[in-house]
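What's in start_6.cif: mmCIF, C-alpha atoms
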data_model
#
loop_
_atom_site.label_atom_id
_atom_site.label_comp_id
_atom_site.auth_asym_id
_atom_site.auth_seq_id
_atom_site.Cartn_x
_atom_site.Cartn_y
_atom_site.Cartn_z
CA MET E 421 60.66 22.99 -49.14
CA SER E 422 59.19 23.56 -45.70
CA GLU E 423 59.32 20.80 -43.09
CA PRO E 424 56.08 18.89 -42.33
CA THR E 425 54.20 20.35 -39.43
CA THR E 426 52.88 18.32 -36.56
CA GLY E 427 49.19 18.77 -35.98
CA ARG E 428 45.70 17.61 -36.79
CA PRO E 429 44.78 18.03 -40.46
CA ALA E 430 41.88 20.26 -41.30
CA PRO E 431 38.49 18.58 -41.67
CA GLY E 432 38.08 17.23 -45.17
CA ALA E 433 41.74 17.75 -46.03
CA ALA E 434 43.54 14.88 -47.74
CA VAL E 435 46.47 13.32 -45.87
CA ARG E 436 49.56 13.43 -48.08
CA PRO E 437 52.17 10.69 -48.01
CA GLY E 438 54.72 11.37 -45.30
CA GLN E 439 52.57 13.96 -43.57
CA GLU E 440 52.71 13.52 -39.81
CA ARG E 441 49.55 13.26 -37.73
CA PHE E 442 49.24 14.20 -34.12
CA VAL E 443 47.65 11.62 -31.78
CA ALA E 444 47.32 12.60 -28.14
CA PRO E 445 48.52 10.04 -25.61
CA LEU E 446 45.72 8.15 -23.85
CA GLU E 447 46.82 9.32 -20.42
CA GLU E 448 46.30 12.93 -21.50
CA THR E 449 42.67 12.39 -22.55
CA PRO E 450 39.61 12.13 -20.25
CA LEU E 451 38.45 8.92 -21.94
CA ALA E 452 39.82 6.71 -19.19
CA ALA E 453 37.92 8.62 -16.51
CA VAL E 454 34.73 8.65 -18.56
CA ASP E 455 34.82 4.92 -19.30
CA ALA E 456 35.83 3.92 -15.80
CA VAL E 457 33.28 1.85 -13.86
CA ASP E 458 33.13 1.86 -10.09
CA ASP E 459 32.68 -1.81 -9.22
CA SER E 460 32.40 -1.03 -5.51
CA ALA E 461 29.27 1.11 -5.95
CA PRO E 462 26.04 -0.60 -4.85
CA THR E 463 23.58 -1.52 -7.57
CA GLY E 464 20.50 0.67 -7.61
CA GLY E 465 16.88 -0.16 -8.32
CA VAL E 466 13.41 1.26 -8.11
CA PHE E 467 12.88 0.29 -4.49
CA SER E 468 16.36 1.32 -3.34
CA GLU E 469 15.91 4.73 -4.94
CA ALA E 470 12.45 4.98 -3.38
CA TRP E 471 13.86 4.19 0.06
CA LYS E 472 16.40 6.98 -0.30
CA GLN E 473 13.54 9.36 -1.00
CA LEU E 474 11.23 8.04 1.73
CA ARG E 475 13.65 8.19 4.64
CA LYS E 476 14.09 11.92 4.04
CA ARG E 477 10.36 12.69 4.14
CA PRO E 478 8.81 13.58 7.54
CA ILE E 479 5.34 12.51 6.39
CA PHE E 480 6.60 8.97 5.77
CA ILE E 481 8.37 8.80 9.13
CA VAL E 482 5.35 10.06 11.08
CA ALA E 483 2.91 7.77 9.27
CA SER E 484 5.20 4.75 9.70
CA LEU E 485 5.60 5.38 13.44
CA ILE E 486 1.84 5.66 13.93
CA ILE E 487 1.19 2.49 11.93
CA LEU E 488 3.93 0.65 13.86
CA LEU E 489 2.26 1.71 17.12
CA LEU E 490 -1.12 0.50 15.83
CA VAL E 491 0.34 -2.88 14.90
CA VAL E 492 1.92 -3.28 18.35
CA VAL E 493 -1.34 -2.28 20.04
CA SER E 494 -3.26 -4.74 17.89
CA LEU E 495 -0.89 -7.62 18.61
CA PHE E 496 -0.28 -6.92 22.30
CA PRO E 497 -3.20 -4.92 23.72
CA SER E 498 -2.55 -6.25 27.24
CA LEU E 499 0.68 -4.22 27.31
CA PHE E 500 -1.35 -1.00 27.25
CA THR E 501 -4.26 -1.90 29.54
CA SER E 502 -5.11 -4.61 32.04
CA THR E 503 -8.84 -3.88 31.98
CA ASN E 504 -11.22 -6.28 30.30
CA PRO E 505 -13.02 -4.29 27.56
CA ARG E 506 -16.16 -6.42 28.06
CA PHE E 507 -16.32 -6.02 31.85
CA VAL E 508 -19.58 -4.24 32.74
CA ASP E 509 -20.16 -2.11 35.86
CA LEU E 510 -23.44 -0.25 35.47
CA SER E 511 -22.84 1.69 38.67
CA THR E 512 -20.13 3.70 36.88
CA ALA E 513 -21.98 4.16 33.57
CA LEU E 514 -21.15 7.45 31.82
CA ASP E 515 -18.68 8.45 34.55
CA GLY E 516 -15.99 10.90 33.52
CA PRO E 517 -12.25 10.28 33.43
CA SER E 518 -10.71 8.93 36.61
CA ALA E 519 -7.63 7.04 37.77
CA GLU E 520 -9.38 3.72 37.15
CA HIS E 521 -10.98 4.83 33.86
CA PRO E 522 -8.64 7.35 32.13
CA LEU E 523 -11.10 8.15 29.30
CA GLY E 524 -14.34 7.54 31.16
CA VAL E 525 -17.02 4.87 31.02
CA THR E 526 -19.53 4.04 28.29
CA ARG E 527 -23.28 3.92 28.66
CA GLY E 528 -23.05 0.15 29.06
CA GLY E 529 -20.56 0.43 31.95
CA THR E 530 -17.42 -0.59 30.05
CA ASP E 531 -14.07 1.20 30.09
CA VAL E 532 -13.61 3.56 27.12
CA TYR E 533 -9.81 3.31 27.11
CA ALA E 534 -9.81 -0.51 27.15
CA ARG E 535 -12.30 -0.62 24.27
CA LEU E 536 -10.23 1.92 22.35
CA ILE E 537 -7.13 -0.28 22.69
CA TYR E 538 -8.83 -3.58 21.89
CA GLY E 539 -10.88 -2.02 19.08
CA ALA E 540 -7.70 -1.45 17.09
CA ARG E 541 -7.20 -5.21 16.72
CA ALA E 542 -10.46 -5.81 14.86
CA SER E 543 -10.13 -2.79 12.58
CA VAL E 544 -6.49 -3.41 11.66
CA SER E 545 -7.10 -7.15 11.21
CA VAL E 546 -9.96 -6.58 8.77
CA GLY E 547 -7.94 -3.99 6.87
CA ILE E 548 -4.84 -6.16 6.52
CA LEU E 549 -6.73 -9.35 5.62
CA THR E 550 -8.83 -7.55 3.02
CA THR E 551 -5.79 -5.87 1.49
CA VAL E 552 -3.87 -9.16 1.22
CA MET E 553 -6.82 -10.86 -0.49
CA VAL E 554 -7.34 -7.94 -2.85
CA VAL E 555 -3.67 -7.78 -3.83
CA VAL E 556 -3.42 -11.53 -4.44
CA VAL E 557 -6.64 -11.86 -6.48
CA GLY E 558 -6.42 -8.54 -8.28
CA GLY E 559 -2.69 -8.87 -8.87
CA VAL E 560 -2.98 -12.31 -10.45
CA VAL E 561 -5.94 -11.34 -12.63
CA GLY E 562 -4.36 -8.08 -13.76
CA ALA E 563 -0.97 -9.65 -14.47
CA LEU E 564 -2.44 -12.45 -16.57
CA ALA E 565 -4.73 -10.11 -18.48
CA GLY E 566 -2.02 -7.55 -19.21
CA PHE E 567 0.75 -9.97 -20.15
CA TYR E 568 -1.09 -12.53 -22.28
CA GLY E 569 -3.72 -10.23 -23.79
CA GLY E 570 -6.10 -11.56 -26.42
CA TRP E 571 -9.23 -13.39 -25.39
CA LEU E 572 -7.93 -13.92 -21.84
CA ASP E 573 -7.56 -10.16 -21.38
CA ALA E 574 -11.05 -9.58 -22.76
CA VAL E 575 -12.71 -12.14 -20.47
CA LEU E 576 -10.88 -11.11 -17.29
CA SER E 577 -11.40 -7.41 -17.97
CA ARG E 578 -15.15 -7.87 -18.45
CA VAL E 579 -15.42 -9.87 -15.23
CA ALA E 580 -13.51 -7.14 -13.40
CA ASP E 581 -15.80 -4.49 -14.89
CA VAL E 582 -18.86 -6.31 -13.53
CA PHE E 583 -17.52 -6.28 -9.97
CA PHE E 584 -16.08 -2.78 -10.38
CA ALA E 585 -19.57 -1.46 -11.18
CA LEU E 586 -20.86 -2.62 -7.77
CA PRO E 587 -20.28 -0.06 -4.97
CA LEU E 588 -18.11 -1.40 -2.16
CA ILE E 589 -20.31 -0.45 0.81
CA LEU E 590 -23.62 -1.16 -0.91
CA GLY E 591 -22.48 -4.57 -2.12
CA ALA E 592 -21.14 -5.46 1.33
CA ILE E 593 -24.41 -4.40 3.00
CA VAL E 594 -26.48 -6.59 0.70
CA LEU E 595 -24.18 -9.60 0.98
CA LEU E 596 -23.64 -9.44 4.76
CA GLN E 597 -27.38 -9.46 5.35
CA THR E 598 -27.41 -13.01 3.99
CA VAL E 599 -24.51 -14.19 6.17
CA ARG E 600 -25.51 -15.88 9.40
CA THR E 601 -22.13 -15.82 11.12
CA ARG E 602 -20.22 -12.55 10.94
CA ASN E 603 -16.62 -12.31 12.09
CA VAL E 604 -13.33 -10.81 10.95
CA TRP E 605 -12.92 -13.34 8.13
CA THR E 606 -16.42 -12.99 6.69
CA VAL E 607 -16.23 -9.20 6.71
CA ALA E 608 -12.79 -9.26 5.09
CA LEU E 609 -13.92 -11.74 2.41
CA THR E 610 -16.96 -9.60 1.64
CA LEU E 611 -14.92 -6.43 1.25
CA ALA E 612 -12.31 -8.25 -0.84
CA LEU E 613 -15.00 -9.59 -3.16
CA PHE E 614 -15.92 -6.04 -4.18
CA GLY E 615 -12.46 -4.47 -3.83
CA TRP E 616 -10.17 -6.54 -6.07
CA PRO E 617 -11.09 -4.99 -9.48
CA GLN E 618 -9.27 -1.74 -8.70
CA VAL E 619 -5.99 -3.56 -8.04
CA ALA E 620 -6.55 -5.69 -11.14
CA ARG E 621 -6.85 -2.59 -13.32
CA ILE E 622 -3.73 -1.02 -11.82
CA MET E 623 -1.71 -4.21 -12.25
CA ARG E 624 -2.91 -4.71 -15.82
CA GLY E 625 -1.87 -1.18 -16.79
CA ALA E 626 1.54 -1.58 -15.14
CA VAL E 627 2.15 -4.92 -16.87
CA LEU E 628 1.21 -3.45 -20.25
CA GLN E 629 3.94 -0.85 -19.78
CA VAL E 630 6.59 -3.23 -18.47
CA ARG E 631 6.16 -6.05 -20.98
CA THR E 632 7.45 -3.87 -23.84
CA ASN E 633 10.80 -3.18 -22.17
CA GLU E 634 14.02 -4.53 -23.64
CA TYR E 635 14.88 -6.84 -20.74
CA VAL E 636 11.55 -8.66 -21.21
CA THR E 637 12.35 -9.18 -24.90
CA ALA E 638 15.84 -10.36 -23.98
CA ALA E 639 14.44 -12.88 -21.49
CA LYS E 640 12.15 -14.31 -24.17
CA SER E 641 14.98 -14.51 -26.70
CA LEU E 642 17.09 -16.47 -24.21
CA GLY E 643 14.45 -19.18 -24.12
CA LEU E 644 12.68 -18.27 -20.89
CA SER E 645 9.04 -19.36 -20.89
CA ARG E 646 6.29 -16.74 -20.88
CA MET E 647 5.14 -17.64 -17.37
CA ALA E 648 8.70 -17.51 -16.04
CA THR E 649 9.23 -14.15 -17.74
CA LEU E 650 6.04 -12.85 -16.17
CA VAL E 651 6.97 -14.01 -12.69
CA ARG E 652 10.68 -13.12 -12.72
CA HIS E 653 10.85 -9.93 -14.75
CA VAL E 654 7.43 -8.37 -15.35
CA VAL E 655 5.63 -8.65 -12.02
CA PRO E 656 8.52 -7.40 -9.82
CA ASN E 657 8.84 -4.29 -11.98
CA ALA E 658 5.08 -3.66 -12.02
CA LEU E 659 4.53 -3.81 -8.25
CA GLY E 660 5.16 -0.11 -7.57
CA PRO E 661 1.66 1.23 -8.42
CA VAL E 662 0.05 -1.80 -6.76
CA ILE E 663 1.88 -1.15 -3.49
CA VAL E 664 0.68 2.46 -3.49
CA VAL E 665 -2.94 1.52 -4.20
CA ALA E 666 -2.87 -1.29 -1.62
CA THR E 667 -1.58 1.05 1.10
CA ILE E 668 -4.28 3.63 0.45
CA SER E 669 -6.94 0.92 0.12
CA LEU E 670 -5.99 -0.50 3.51
CA GLY E 671 -7.19 2.70 5.16
CA THR E 672 -10.32 2.60 3.00
CA PHE E 673 -11.13 -0.96 4.09
CA ILE E 674 -10.70 -0.01 7.77
CA ALA E 675 -13.18 2.82 7.28
CA ALA E 676 -15.53 0.46 5.40
CA GLU E 677 -15.45 -2.04 8.29
CA ALA E 678 -16.27 0.75 10.74
CA THR E 679 -19.16 1.85 8.53
CA LEU E 680 -20.59 -1.66 8.39
CA SER E 681 -20.21 -2.10 12.15
CA PHE E 682 -21.85 1.28 12.68
CA LEU E 683 -24.84 0.00 10.70
CA SER E 684 -24.84 -3.24 12.77
CA LEU E 685 -23.97 -5.20 9.62
CA GLY E 686 -20.27 -5.70 10.23
CA LEU E 687 -18.65 -7.29 13.25
CA PRO E 688 -21.00 -8.64 15.94
CA PRO E 689 -21.32 -6.92 19.35
CA ASN E 690 -19.11 -9.54 21.07
CA ILE E 691 -16.13 -8.30 19.01
CA VAL E 692 -14.84 -4.90 20.13
CA SER E 693 -14.61 -2.51 17.17
CA TRP E 694 -14.45 1.22 16.77
CA GLY E 695 -17.45 1.29 14.44
CA GLY E 696 -19.62 -0.54 16.95
CA ASP E 697 -18.52 1.77 19.77
CA ILE E 698 -19.33 4.83 17.66
CA SER E 699 -22.77 3.40 16.95
CA ASN E 700 -23.42 2.70 20.63
CA ALA E 701 -22.27 6.19 21.64
CA ARG E 702 -24.86 7.97 19.50
CA ALA E 703 -27.39 7.86 22.33
CA THR E 704 -25.04 9.85 24.62
CA LEU E 705 -23.86 12.38 22.04
CA ARG E 706 -25.57 15.31 23.81
CA THR E 707 -24.89 14.29 27.41
CA ASN E 708 -21.40 12.77 27.10
CA PRO E 709 -19.85 13.37 23.65
CA MET E 710 -16.39 12.18 24.76
CA VAL E 711 -17.56 8.56 24.65
CA LEU E 712 -18.07 8.97 20.90
CA LEU E 713 -15.02 11.18 20.38
CA TRP E 714 -12.31 8.70 21.40
CA PRO E 715 -13.13 5.83 19.01
CA SER E 716 -13.69 8.43 16.28
CA ILE E 717 -10.21 9.82 16.87
CA GLY E 718 -8.69 6.34 16.77
CA LEU E 719 -10.44 5.55 13.49
CA SER E 720 -9.54 8.89 11.91
CA VAL E 721 -5.86 8.73 12.90
CA THR E 722 -5.56 5.16 11.59
CA VAL E 723 -7.13 5.91 8.22
CA LEU E 724 -5.17 9.15 7.87
CA SER E 725 -1.90 7.35 8.62
CA PHE E 726 -2.38 4.87 5.80
CA LEU E 727 -3.42 7.63 3.42
CA MET E 728 -0.30 9.62 4.30
CA LEU E 729 1.88 6.54 3.84
CA GLY E 730 0.27 5.86 0.46
CA ASP E 731 0.90 9.43 -0.70
CA ALA E 732 4.55 9.20 0.33
CA LEU E 733 4.97 5.87 -1.47
CA ARG E 734 3.29 7.23 -4.60
CA ASP E 735 5.71 10.13 -4.80
CA ALA E 736 8.73 7.90 -4.16
CA LEU E 737 7.78 5.13 -6.58
CA ASP E 738 6.84 7.46 -9.41
CA PRO E 739 9.88 7.66 -11.71
CA LYS E 740 8.61 10.86 -13.35
CA GLY E 741 8.20 12.62 -10.04
CA ARG E 742 11.50 11.46 -8.53
CA THR E 743 14.34 13.95 -8.54
CA ARG E 744 17.82 12.59 -8.93
#
Before anything else, please render the file you have as structure tokens.
Amino acid sequence: MSEPTTGRPAPGAAVRPGQERFVAPLEETPLAAVDAVDDSAPTGGVFSEAWKQLRKRPIFIVASLIILLLVVVSLFPSLFTSTNPRFVDLSTALDGPSAEHPLGVTRGGTDVYARLIYGARASVSVGILTTVMVVVVGGVVGALAGFYGGWLDAVLSRVADVFFALPLILGAIVLLQTVRTRNVWTVALTLALFGWPQVARIMRGAVLQVRTNEYVTAAKSLGLSRMATLVRHVVPNALGPVIVVATISLGTFIAAEATLSFLSLGLPPNIVSWGGDISNARATLRTNPMVLLWPSIGLSVTVLSFLMLGDALRDALDPKGRTR
């Protein structure tokens, strides 16, 4: 009788009594390496992965630097010019660039460069305030409607549809005509009143996707209340699309404020704004177009920077478009 061989039996073959079976030692198999977990590796998330993508993109770096410069200019305009933007000297009206007036003088005798610097404060302030209001109101409405559903979703969605049907600029024009005192806050509140439905729709759609995930179900099964689950687990994971829309909308609100000021329905003349300067420079478009060109460039660069930043954030926060 032949001796029993050492080896793995054929698939489906019966193991006879006394037949030896070969079992490879654990150290000779790759299972240990496969199952090993690197505890020292940092935990990853949506925003950490997005940051890795963003810091490698030139469009994000350029847009962020321009926006950072705009914020510094808005907060500390005296660092960039010592000229009062409201100081009038009619004897130098429409003069060209000089050592005292680097970008020339307006028709009203004010310094173009000083008004360009101080005009950034009003435009950026309106844009940021409007965006914060829109994100807070629209985010809360969209999160509640998407998470709870039912009659609450139906009511909030219909209210959002009513405001969404009203054009932003047209609604602001009609409403601001009834306001006696116009300033940064009133203009921002008016734009936010007609701008929040877009964020509400985006947040509602994101919450509808997130609330079906397993970690949300696990949180509920552990006894966490619905509101706590919404705040701790659903909203943080649904903020990606809202951040993208808010960044792009910020540039839109800055352009909307300039449009209203151009129509003399936005900020009053005592507040320096790019839209008001563009409106005042129309009369000198043929004789001295540079007076109109500089505030137009400032407005265009600002809006374009926020649009570029929004595009970069959209690509980075989109899990389907991210390459690993």
task: Measuring atom to atom with only C-alpha atoms, identify which of E:Ser693, E:Ser645, E:Gln618, E:Gln629 is nearest to Val532 (chain E).
output: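 Using only C-alpha atoms, the shortest distance to Val532 (chain E) belongs to E:Ser693.
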Enumerate, in order of chain and increasing residue number, the residues of region 515-618 of chain E with an atom no farther than 10 Å from region 482-491 of chain E, each with its shortest atom pair and distance in Å to one decimal, counting all atoms listed in the file, as JSON lines.
{"residue": "E:Ile537", "atom": "CA", "partner": "E:Leu490", "partner_atom": "CA", "distance": 9.2}
{"residue": "E:Ala540", "atom": "CA", "partner": "E:Leu490", "partner_atom": "CA", "distance": 7.0}
{"residue": "E:Arg541", "atom": "CA", "partner": "E:Val491", "partner_atom": "CA", "distance": 8.1}
{"residue": "E:Val544", "atom": "CA", "partner": "E:Val491", "partner_atom": "CA", "distance": 7.6}
{"residue": "E:Ser545", "atom": "CA", "partner": "E:Val491", "partner_atom": "CA", "distance": 9.3}
- request: Return as a VMD selection string the set of residues that the PyMOL selection byres ((chain E and resi 704-707) around 12) yields on the displayed structure.
  value: chain E and resid 513 to 516 525 to 528 697 to 703 708 to 713
- request: Compile the contact shell of Val636 (chain E) as a PyMOL selection string: residues with an atom at most 10 Å away, counting all atoms listed in the file, same-chain residues fewer than 2 positions apart removed.
  value: chain E and resi 630-634+638-641+644+646+649-650+652-654
- prompt: Hey, can you check how far CA of Trp616 (chain E) sits from CA of Val561 (chain E)?
  reply: 9.2 Å
As AutoDock Vina command-line options, what would the box around region 714-722 of chain E look like: edges along x, y and z, 6 Å added on every side, centre and edge lengths in Å to one decimal?
--center_x -9.6 --center_y 7.5 --center_z 16.5 --size_x 20.1 --size_y 16.7 --size_z 21.8
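Each of E:Ala592, E:Met728, E:Val692, E:Met553 was compared to Asp531 (chain E) using only C-alpha atoms, and E:Val692 turns out to be the nearest.
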Which residues would end up in the selection if the PyMOL selection byres ((chain E and resi 667-671) around 10) were applied here, given that I need the answer as a PDB file with C-alpha atoms, keeping the file's coordinate frame?
ATOM      1  CA  SER E 543     -10.130  -2.790  12.580  1.00  0.00           C
ATOM      2  CA  VAL E 544      -6.490  -3.410  11.660  1.00  0.00           C
ATOM      3  CA  VAL E 546      -9.960  -6.580   8.770  1.00  0.00           C
ATOM      4  CA  GLY E 547      -7.940  -3.990   6.870  1.00  0.00           C
ATOM      5  CA  ILE E 548      -4.840  -6.160   6.520  1.00  0.00           C
ATOM      6  CA  LEU E 549      -6.730  -9.350   5.620  1.00  0.00           C
ATOM      7  CA  THR E 550      -8.830  -7.550   3.020  1.00  0.00           C
ATOM      8  CA  THR E 551      -5.790  -5.870   1.490  1.00  0.00           C
ATOM      9  CA  VAL E 552      -3.870  -9.160   1.220  1.00  0.00           C
ATOM     10  CA  VAL E 554      -7.340  -7.940  -2.850  1.00  0.00           C
ATOM     11  CA  GLY E 615     -12.460  -4.470  -3.830  1.00  0.00           C
ATOM     12  CA  GLN E 618      -9.270  -1.740  -8.700  1.00  0.00           C
ATOM     13  CA  VAL E 619      -5.990  -3.560  -8.040  1.00  0.00           C
ATOM     14  CA  VAL E 662       0.050  -1.800  -6.760  1.00  0.00           C
ATOM     15  CA  ILE E 663       1.880  -1.150  -3.490  1.00  0.00           C
ATOM     16  CA  VAL E 664       0.680   2.460  -3.490  1.00  0.00           C
ATOM     17  CA  VAL E 665      -2.940   1.520  -4.200  1.00  0.00           C
ATOM     18  CA  ALA E 666      -2.870  -1.290  -1.620  1.00  0.00           C
ATOM     19  CA  THR E 672     -10.320   2.600   3.000  1.00  0.00           C
ATOM     20  CA  PHE E 673     -11.130  -0.960   4.090  1.00  0.00           C
ATOM     21  CA  ILE E 674     -10.700  -0.010   7.770  1.00  0.00           C
ATOM     22  CA  ALA E 675     -13.180   2.820   7.280  1.00  0.00           C
ATOM     23  CA  ALA E 676     -15.530   0.460   5.400  1.00  0.00           C
ATOM     24  CA  LEU E 719     -10.440   5.550  13.490  1.00  0.00           C
ATOM     25  CA  SER E 720      -9.540   8.890  11.910  1.00  0.00           C
ATOM     26  CA  VAL E 721      -5.860   8.730  12.900  1.00  0.00           C
ATOM     27  CA  THR E 722      -5.560   5.160  11.590  1.00  0.00           C
ATOM     28  CA  VAL E 723      -7.130   5.910   8.220  1.00  0.00           C
ATOM     29  CA  LEU E 724      -5.170   9.150   7.870  1.00  0.00           C
ATOM     30  CA  SER E 725      -1.900   7.350   8.620  1.00  0.00           C
ATOM     31  CA  PHE E 726      -2.380   4.870   5.800  1.00  0.00           C
ATOM     32  CA  LEU E 727      -3.420   7.630   3.420  1.00  0.00           C
ATOM     33  CA  MET E 728      -0.300   9.620   4.300  1.00  0.00           C
ATOM     34  CA  LEU E 729       1.880   6.540   3.840  1.00  0.00           C
ATOM     35  CA  GLY E 730       0.270   5.860   0.460  1.00  0.00           C
ATOM     36  CA  ASP E 731       0.900   9.430  -0.700  1.00  0.00           C
ATOM     37  CA  LEU E 733       4.970   5.870  -1.470  1.00  0.00           C
ATOM     38  CA  ARG E 734       3.290   7.230  -4.600  1.00  0.00           C
TER      39      ARG E 734
END
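Closest approach to Thr512 (chain E) among E:Gly524, E:Val575, E:Pro478, E:Trp471 is made by E:Gly524 (distances from all atoms listed in the file).
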field: Nearest to Pro688 (chain E) by atom-to-atom distance, counting all atoms listed in the file, from E:Asp735, E:Val582, E:Ala542, E:Val556
entry: E:Ala542
Can you turn the PyMOL selection byres ((chain E and resi 606) around 12) into a concrete residue list for this file, as a PDB file with C-alpha atoms, keeping the file's coordinate frame?
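As written to disk, out-v8.pdb reads:
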ATOM      1  CA  SER E 545      -7.100  -7.150  11.210  1.00  0.00           C
ATOM      2  CA  VAL E 546      -9.960  -6.580   8.770  1.00  0.00           C
ATOM      3  CA  LEU E 549      -6.730  -9.350   5.620  1.00  0.00           C
ATOM      4  CA  THR E 550      -8.830  -7.550   3.020  1.00  0.00           C
ATOM      5  CA  ALA E 592     -21.140  -5.460   1.330  1.00  0.00           C
ATOM      6  CA  LEU E 595     -24.180  -9.600   0.980  1.00  0.00           C
ATOM      7  CA  LEU E 596     -23.640  -9.440   4.760  1.00  0.00           C
ATOM      8  CA  GLN E 597     -27.380  -9.460   5.350  1.00  0.00           C
ATOM      9  CA  THR E 598     -27.410 -13.010   3.990  1.00  0.00           C
ATOM     10  CA  VAL E 599     -24.510 -14.190   6.170  1.00  0.00           C
ATOM     11  CA  ARG E 600     -25.510 -15.880   9.400  1.00  0.00           C
ATOM     12  CA  THR E 601     -22.130 -15.820  11.120  1.00  0.00           C
ATOM     13  CA  ARG E 602     -20.220 -12.550  10.940  1.00  0.00           C
ATOM     14  CA  ASN E 603     -16.620 -12.310  12.090  1.00  0.00           C
ATOM     15  CA  VAL E 604     -13.330 -10.810  10.950  1.00  0.00           C
ATOM     16  CA  TRP E 605     -12.920 -13.340   8.130  1.00  0.00           C
ATOM     17  CA  VAL E 607     -16.230  -9.200   6.710  1.00  0.00           C
ATOM     18  CA  ALA E 608     -12.790  -9.260   5.090  1.00  0.00           C
ATOM     19  CA  LEU E 609     -13.920 -11.740   2.410  1.00  0.00           C
ATOM     20  CA  THR E 610     -16.960  -9.600   1.640  1.00  0.00           C
ATOM     21  CA  LEU E 611     -14.920  -6.430   1.250  1.00  0.00           C
ATOM     22  CA  ALA E 612     -12.310  -8.250  -0.840  1.00  0.00           C
ATOM     23  CA  LEU E 613     -15.000  -9.590  -3.160  1.00  0.00           C
ATOM     24  CA  GLU E 677     -15.450  -2.040   8.290  1.00  0.00           C
ATOM     25  CA  LEU E 685     -23.970  -5.200   9.620  1.00  0.00           C
ATOM     26  CA  GLY E 686     -20.270  -5.700  10.230  1.00  0.00           C
ATOM     27  CA  LEU E 687     -18.650  -7.290  13.250  1.00  0.00           C
ATOM     28  CA  PRO E 688     -21.000  -8.640  15.940  1.00  0.00           C
TER      29      PRO E 688
END
- line: In Å and to one decimal, CA of Phe507 (chain E) is distant from CA of Leu495 (chain E) by 20.4 Å
message: Can you measure CA of Phe682 (chain E) to CA of Tyr538 (chain E) for me? One decimal in Å is fine.
response: 16.7 Å
